[in-house]
>>> print(open('model.csv').read())   # CSV, C-alpha atoms
chain,number,residue,atom,x,y,z
A,10,MET,CA,-6.3,26.8,16.8
A,11,THR,CA,-5.6,23.4,15.2
A,12,GLU,CA,-4.5,20.4,17.2
A,13,GLU,CA,-0.8,19.3,17.0
A,14,LYS,CA,-0.7,16.0,15.1
A,15,ILE,CA,1.3,13.2,16.8
A,16,TYR,CA,2.8,10.2,15.1
A,17,ILE,CA,4.7,7.5,17.1
A,18,MET,CA,6.4,4.3,16.0
A,19,MET,CA,6.5,1.8,18.8
A,20,ASN,CA,8.3,-1.6,19.1
A,21,LYS,CA,5.5,-3.4,21.0
A,22,PRO,CA,6.6,-6.2,23.2
A,23,ALA,CA,4.4,-9.4,23.5
A,24,GLY,CA,2.3,-9.3,26.6
A,25,TYR,CA,0.8,-5.9,26.0
A,26,VAL,CA,-2.7,-5.1,24.6
A,27,CYS,CA,-3.7,-2.2,22.4
A,28,SER,CA,-6.7,-1.3,24.6
A,29,ALA,CA,-6.7,2.0,26.5
A,30,VAL,CA,-7.7,0.0,29.7
A,31,SER,CA,-7.3,-3.6,30.7
A,32,ASP,CA,-7.9,-5.4,34.0
A,33,SER,CA,-5.8,-8.4,33.0
A,34,HIS,CA,-2.9,-7.1,30.9
A,35,HIS,CA,-0.5,-4.2,30.6
A,36,THR,CA,-1.5,-1.8,27.8
A,37,VAL,CA,0.9,-0.3,25.2
A,38,TYR,CA,0.0,3.2,26.6
A,39,GLU,CA,1.8,2.3,29.8
A,40,LEU,CA,5.0,2.4,27.8
A,41,LEU,CA,4.5,6.1,27.1
A,42,PRO,CA,5.3,9.0,29.5
A,43,PRO,CA,2.4,10.5,31.5
A,44,ASP,CA,1.9,13.5,29.2
A,45,LEU,CA,1.2,11.2,26.2
A,46,GLN,CA,-0.9,8.8,28.4
A,47,ASP,CA,-3.1,11.8,29.2
A,48,LEU,CA,-3.8,12.2,25.5
A,49,VAL,CA,-5.4,8.8,25.5
A,50,THR,CA,-8.0,9.5,28.2
A,51,LYS,CA,-8.1,13.3,28.3
A,52,PRO,CA,-7.3,14.8,24.8
A,53,LYS,CA,-6.9,18.6,24.8
A,54,ARG,CA,-8.5,19.2,21.5
A,55,GLY,CA,-9.7,17.0,18.7
A,56,HIS,CA,-8.9,13.3,18.6
A,57,ARG,CA,-7.4,11.2,21.3
A,58,LEU,CA,-4.1,9.3,20.9
A,59,HIS,CA,-4.9,5.8,19.6
A,60,THR,CA,-3.2,2.8,18.0
A,61,VAL,CA,-3.4,2.5,14.2
A,62,GLY,CA,-5.0,-0.9,14.1
A,63,ARG,CA,-4.2,-3.5,16.7
A,64,LEU,CA,-1.7,-6.2,17.5
A,65,ASP,CA,-2.9,-9.0,19.8
A,66,CYS,CA,-1.4,-9.5,23.2
A,67,ASP,CA,1.0,-12.2,22.0
A,68,THR,CA,2.3,-10.3,18.9
A,69,SER,CA,5.2,-8.0,19.0
A,70,GLY,CA,6.7,-5.5,16.6
A,71,LEU,CA,5.6,-2.4,14.7
A,72,LEU,CA,2.8,-0.4,16.2
A,73,LEU,CA,1.9,3.1,15.1
A,74,LEU,CA,0.1,5.5,17.4
A,75,THR,CA,-1.5,8.9,16.4
A,76,ASN,CA,-4.2,11.4,17.2
A,77,ASP,CA,-4.7,11.9,13.4
A,78,GLY,CA,-7.9,10.1,12.4
A,79,PHE,CA,-7.3,10.6,8.7
A,80,PHE,CA,-3.8,9.0,8.9
A,81,SER,CA,-5.2,6.1,10.9
A,82,HIS,CA,-8.0,5.5,8.5
A,83,SER,CA,-5.7,5.6,5.5
A,84,LEU,CA,-3.7,2.7,6.9
A,85,THR,CA,-6.6,0.6,8.3
A,86,ALA,CA,-9.6,1.0,6.0
A,87,PRO,CA,-10.1,-2.4,4.2
A,88,GLU,CA,-10.6,-0.7,0.8
A,89,GLU,CA,-7.1,0.8,1.0
A,90,LYS,CA,-5.5,-2.7,0.9
A,91,ILE,CA,-2.4,-1.6,2.8
A,92,GLU,CA,0.1,-4.4,3.0
A,93,LYS,CA,1.2,-5.6,6.5
A,94,THR,CA,4.4,-7.7,6.9
A,95,TYR,CA,4.9,-10.2,9.7
A,96,ILE,CA,7.6,-12.7,10.7
A,97,ALA,CA,6.2,-16.0,12.1
A,98,LEU,CA,8.1,-18.7,13.9
A,99,LEU,CA,6.2,-22.0,13.4
A,100,GLU,CA,6.0,-25.0,15.7
A,101,LYS,CA,7.0,-27.4,13.0
A,102,PRO,CA,8.6,-27.0,9.5
A,103,GLY,CA,6.3,-25.6,6.9
A,104,LYS,CA,5.9,-27.0,3.4
A,105,PRO,CA,6.5,-25.4,0.0
A,106,ASP,CA,2.8,-25.8,-0.9
A,107,TYR,CA,1.9,-23.2,1.8
A,108,ILE,CA,3.0,-20.6,-0.7
A,109,PHE,CA,0.4,-21.6,-3.3
A,110,LYS,CA,-2.4,-22.4,-0.8
A,111,ALA,CA,-2.1,-19.0,0.9
A,112,LYS,CA,-1.9,-17.2,-2.4
A,113,GLU,CA,-5.3,-18.6,-3.3
A,114,GLY,CA,-6.8,-17.7,0.1
A,115,LEU,CA,-7.7,-20.1,2.8
A,116,THR,CA,-10.7,-21.0,5.0
A,117,LEU,CA,-9.7,-19.6,8.3
A,118,PRO,CA,-10.8,-21.7,11.3
A,119,ALA,CA,-13.3,-20.2,13.7
A,120,GLU,CA,-12.1,-18.6,16.9
A,121,LYS,CA,-14.0,-17.2,20.0
A,122,LYS,CA,-14.3,-13.8,18.4
A,123,SER,CA,-14.4,-14.7,14.8
A,124,PRO,CA,-16.4,-17.2,12.7
A,125,GLU,CA,-14.9,-19.5,10.1
A,126,GLU,CA,-14.2,-17.3,7.1
A,127,LYS,CA,-12.3,-17.1,3.8
A,128,SER,CA,-9.1,-15.0,3.8
A,129,GLY,CA,-7.9,-13.0,0.9
A,130,PRO,CA,-4.6,-13.9,-0.7
A,131,ALA,CA,-1.5,-13.9,1.5
A,132,ILE,CA,2.1,-13.9,0.3
A,133,LEU,CA,4.2,-16.4,2.3
A,134,ARG,CA,8.0,-16.9,2.0
A,135,PRO,CA,10.2,-19.2,4.1
A,136,LEU,CA,13.2,-17.4,5.7
A,137,ASN,CA,15.3,-20.4,6.8
A,138,GLU,CA,16.2,-23.8,5.5
A,139,GLU,CA,14.2,-25.5,8.2
A,140,MET,CA,11.1,-23.7,7.0
A,141,THR,CA,10.1,-22.8,10.5
A,142,LEU,CA,10.5,-19.0,10.0
A,143,TRP,CA,8.2,-17.4,7.5
A,144,GLU,CA,7.6,-13.9,6.2
A,145,VAL,CA,3.8,-13.2,5.7
A,146,LYS,CA,2.3,-10.3,3.8
A,147,ILE,CA,-1.4,-9.6,4.0
A,148,THR,CA,-3.7,-6.7,3.1
A,149,GLU,CA,-6.6,-7.6,5.3
A,150,GLY,CA,-6.9,-7.3,9.1
A,151,LYS,CA,-9.0,-10.2,10.1
A,152,PHE,CA,-8.9,-11.3,13.8
A,153,HIS,CA,-5.7,-13.3,14.4
A,154,GLN,CA,-5.4,-13.7,10.6
A,155,VAL,CA,-1.7,-14.8,10.4
A,156,ARG,CA,-2.1,-17.3,13.2
A,157,ARG,CA,-5.3,-18.7,11.6
A,158,ILE,CA,-3.6,-19.0,8.2
A,159,PHE,CA,-1.0,-21.3,9.7
A,160,GLN,CA,-3.7,-23.1,11.7
A,161,ALA,CA,-5.5,-23.8,8.4
A,162,LEU,CA,-2.2,-25.2,7.1
A,163,ASN,CA,-2.1,-27.6,10.1
A,164,ASN,CA,0.7,-25.7,11.9
A,165,LYS,CA,1.0,-23.3,14.8
A,166,VAL,CA,2.6,-19.9,15.2
A,167,LEU,CA,4.9,-19.8,18.3
A,168,GLU,CA,6.0,-16.2,17.9
A,169,LEU,CA,4.7,-13.4,15.6
A,170,ARG,CA,6.2,-10.1,14.9
A,171,ARG,CA,4.9,-7.3,12.6
A,172,THR,CA,7.8,-5.6,10.7
A,173,ALA,CA,5.9,-3.2,8.4
A,174,ILE,CA,2.6,-1.5,7.6
A,175,GLY,CA,2.7,-0.1,4.0
A,176,LYS,CA,5.7,2.2,3.7
A,177,TRP,CA,6.3,2.2,7.5
A,178,LYS,CA,9.0,-0.2,8.5
A,179,LEU,CA,10.0,-1.0,12.1
A,180,ASP,CA,13.2,0.9,12.8
A,181,ASP,CA,15.9,-1.7,13.5
A,182,SER,CA,17.5,0.5,16.2
A,183,LEU,CA,14.2,0.7,18.1
A,184,LYS,CA,14.5,-1.5,21.2
A,185,GLU,CA,11.5,-3.5,22.3
A,186,ALA,CA,9.1,-1.5,24.5
A,187,SER,CA,10.4,1.8,23.3
A,188,TYR,CA,9.1,4.4,20.8
A,189,ILE,CA,10.1,7.3,18.6
A,190,PHE,CA,8.2,10.2,17.1
A,191,ILE,CA,8.0,10.1,13.4
A,192,ASN,CA,7.0,12.4,10.6
A,193,LYS,CA,3.9,11.5,8.6
A,194,ILE,CA,5.6,12.1,5.3
>>> encode(input="model.csv", output="structure tokens")
Amino acid sequence: MTEEKIYIMMNKPAGYVCSAVSDSHHTVYELLPPDLQDLVTKPKRGHRLHTVGRLDCDTSGLLLLTNDGFFSHSLTAPEEKIEKTYIALLEKPGKPDYIFKAKEGLTLPAEKKSPEEKSGPAILRPLNEEMTLWEVKITEGKFHQVRRIFQALNNKVLELRRTAIGKWKLDDSLKEASYIFINKI
């Protein structure tokens, strides 16, 4: 008998981690009912329920969860170059040259878990006249990549929200900390 495939779209709030267990933070799995939580630690058959990629603790927005490893791999494998879209609120106004610098790729500053490294191209677009709200599109998944892009541009991200992964767009009606089941199609 084959395992029933599960596909979930969640509107992840900031303050939650994508790990199955954490001593210091709430996990996204705590937002699910007990029967789905059980599929994280005690899967019935096949693969356990897991997040498709990760969002750091301070990032909100679109998070997909599944027990379908092929689906997960198709959206996270680097060679697939799946576009991820974010909205970033910056500490200070950005500059028009951000667009061109990011398009060429930037040297991302080192962080605790990641060395200094070159990013691939990113598409940046200001969303307000003050140039403090930016849309960011990337196809990589480097550690804290969007935050490090703006750090390389001498700015700081105050809030970060993912709105899309490939064809999957965050449902506007989905309230923060809630989820819906979706079809893979």
>>> residues_near_point(input="model.csv", point="(7.3, 3.8, 20.7)", cutoff="9 Å", atoms="only C-alpha atoms", output="list in words")
Ile17, Met18, Met19, Asn20, Lys21, Val37, Leu40, Leu41, Leu71, Leu72, Leu73, Leu74, Leu183, Lys184, Glu185, Ala186, Ser187, Tyr188, Ile189 and Phe190 of chain A
>>> residues_around(input="model.csv", residues="Thr141 (chain A)", least_positions_apart="4", cutoff="10 Å", atoms="only C-alpha atoms", output="short mmCIF file (atom, residue, chain, number, x, y, z; two decimals) with C-alpha atoms, in the frame of the given file")
data_model
loop_
_atom_site.label_atom_id
_atom_site.label_comp_id
_atom_site.auth_asym_id
_atom_site.auth_seq_id
_atom_site.Cartn_x
_atom_site.Cartn_y
_atom_site.Cartn_z
CA ALA A 97 6.20 -16.00 12.10
CA LEU A 98 8.10 -18.70 13.90
CA LEU A 99 6.20 -22.00 13.40
CA GLU A 100 6.00 -25.00 15.70
CA LYS A 101 7.00 -27.40 13.00
CA PRO A 102 8.60 -27.00 9.50
CA GLY A 103 6.30 -25.60 6.90
CA LYS A 104 5.90 -27.00 3.40
CA PRO A 135 10.20 -19.20 4.10
CA LEU A 136 13.20 -17.40 5.70
CA ASN A 137 15.30 -20.40 6.80
CA ASN A 164 0.70 -25.70 11.90
CA VAL A 166 2.60 -19.90 15.20
CA LEU A 167 4.90 -19.80 18.30
#
>>> residues_around(input="model.csv", residues="Leu48 (chain A)", least_positions_apart="2", cutoff="12 Å", atoms="all atoms listed in the file", output="PyMOL selection string")
chain A and resi 12-15+29+38+41-46+50-59+74-76
>>> residues_around(input="model.csv", residues="Ser128 (chain A)", least_positions_apart="3", cutoff="10 Å", atoms="all atoms listed in the file", output="list in words")
Ala111, Lys112, Glu113, Gly114, Leu115, Thr116, Leu117, Glu125, Ala131, Ile147, Thr148, Glu149, Gly150, Lys151, Gln154, Val155, Arg157 and Ile158 of chain A
>>> closest_residue(input="model.csv", among="A:Ile174, A:Thr60, A:Phe152, A:Gly78", to="Lys122 (chain A)", atoms="only C-alpha atoms")
A:Phe152
>>> atom_distance(input="model.csv", atom1="CA of Thr172 (chain A)", atom2="CA of Gly129 (chain A)")
19.9 Å
>>> atom_distance(input="model.csv", atom1="CA of Gly70 (chain A)", atom2="CA of Ser182 (chain A)")
12.4 Å
>>> build_atoms(input="model.csv", residues="region 109-121 of chain A", atoms="N, CA and C atoms", output="PDB file, in the frame of the given file")
ATOM      1  N   PHE A 109       1.485 -21.597  -2.290  1.00  0.00           N
ATOM      2  CA  PHE A 109       0.400 -21.600  -3.300  1.00  0.00           C
ATOM      3  C   PHE A 109      -0.965 -21.606  -2.626  1.00  0.00           C
ATOM      4  N   LYS A 110      -1.111 -22.346  -1.526  1.00  0.00           N
ATOM      5  CA  LYS A 110      -2.400 -22.400  -0.800  1.00  0.00           C
ATOM      6  C   LYS A 110      -2.769 -21.008  -0.289  1.00  0.00           C
ATOM      7  N   ALA A 111      -1.813 -20.320   0.311  1.00  0.00           N
ATOM      8  CA  ALA A 111      -2.100 -19.000   0.900  1.00  0.00           C
ATOM      9  C   ALA A 111      -2.361 -17.963  -0.199  1.00  0.00           C
ATOM     10  N   LYS A 112      -1.693 -18.110  -1.330  1.00  0.00           N
ATOM     11  CA  LYS A 112      -1.900 -17.200  -2.400  1.00  0.00           C
ATOM     12  C   LYS A 112      -3.319 -17.215  -2.969  1.00  0.00           C
ATOM     13  N   GLU A 113      -3.948 -18.384  -2.858  1.00  0.00           N
ATOM     14  CA  GLU A 113      -5.300 -18.600  -3.300  1.00  0.00           C
ATOM     15  C   GLU A 113      -6.342 -18.122  -2.254  1.00  0.00           C
ATOM     16  N   GLY A 114      -5.880 -17.933  -1.026  1.00  0.00           N
ATOM     17  CA  GLY A 114      -6.800 -17.700   0.100  1.00  0.00           C
ATOM     18  C   GLY A 114      -7.151 -18.970   0.758  1.00  0.00           C
ATOM     19  N   LEU A 115      -7.409 -18.916   2.041  1.00  0.00           N
ATOM     20  CA  LEU A 115      -7.700 -20.100   2.800  1.00  0.00           C
ATOM     21  C   LEU A 115      -8.967 -19.919   3.629  1.00  0.00           C
ATOM     22  N   THR A 116      -9.575 -21.020   4.019  1.00  0.00           N
ATOM     23  CA  THR A 116     -10.700 -21.000   5.000  1.00  0.00           C
ATOM     24  C   THR A 116     -10.076 -20.923   6.349  1.00  0.00           C
ATOM     25  N   LEU A 117     -10.241 -19.804   7.022  1.00  0.00           N
ATOM     26  CA  LEU A 117      -9.700 -19.600   8.300  1.00  0.00           C
ATOM     27  C   LEU A 117     -10.567 -20.282   9.385  1.00  0.00           C
ATOM     28  N   PRO A 118      -9.988 -21.084  10.283  1.00  0.00           N
ATOM     29  CA  PRO A 118     -10.800 -21.700  11.300  1.00  0.00           C
ATOM     30  C   PRO A 118     -11.467 -20.691  12.218  1.00  0.00           C
ATOM     31  N   ALA A 119     -12.610 -21.056  12.765  1.00  0.00           N
ATOM     32  CA  ALA A 119     -13.300 -20.200  13.700  1.00  0.00           C
ATOM     33  C   ALA A 119     -12.539 -20.037  14.988  1.00  0.00           C
ATOM     34  N   GLU A 120     -12.679 -18.873  15.616  1.00  0.00           N
ATOM     35  CA  GLU A 120     -12.100 -18.600  16.900  1.00  0.00           C
ATOM     36  C   GLU A 120     -13.234 -17.998  17.778  1.00  0.00           C
ATOM     37  N   LYS A 121     -12.952 -17.785  19.051  1.00  0.00           N
ATOM     38  CA  LYS A 121     -14.000 -17.200  20.000  1.00  0.00           C
ATOM     39  C   LYS A 121     -14.624 -15.972  19.385  1.00  0.00           C
TER      40      LYS A 121
END
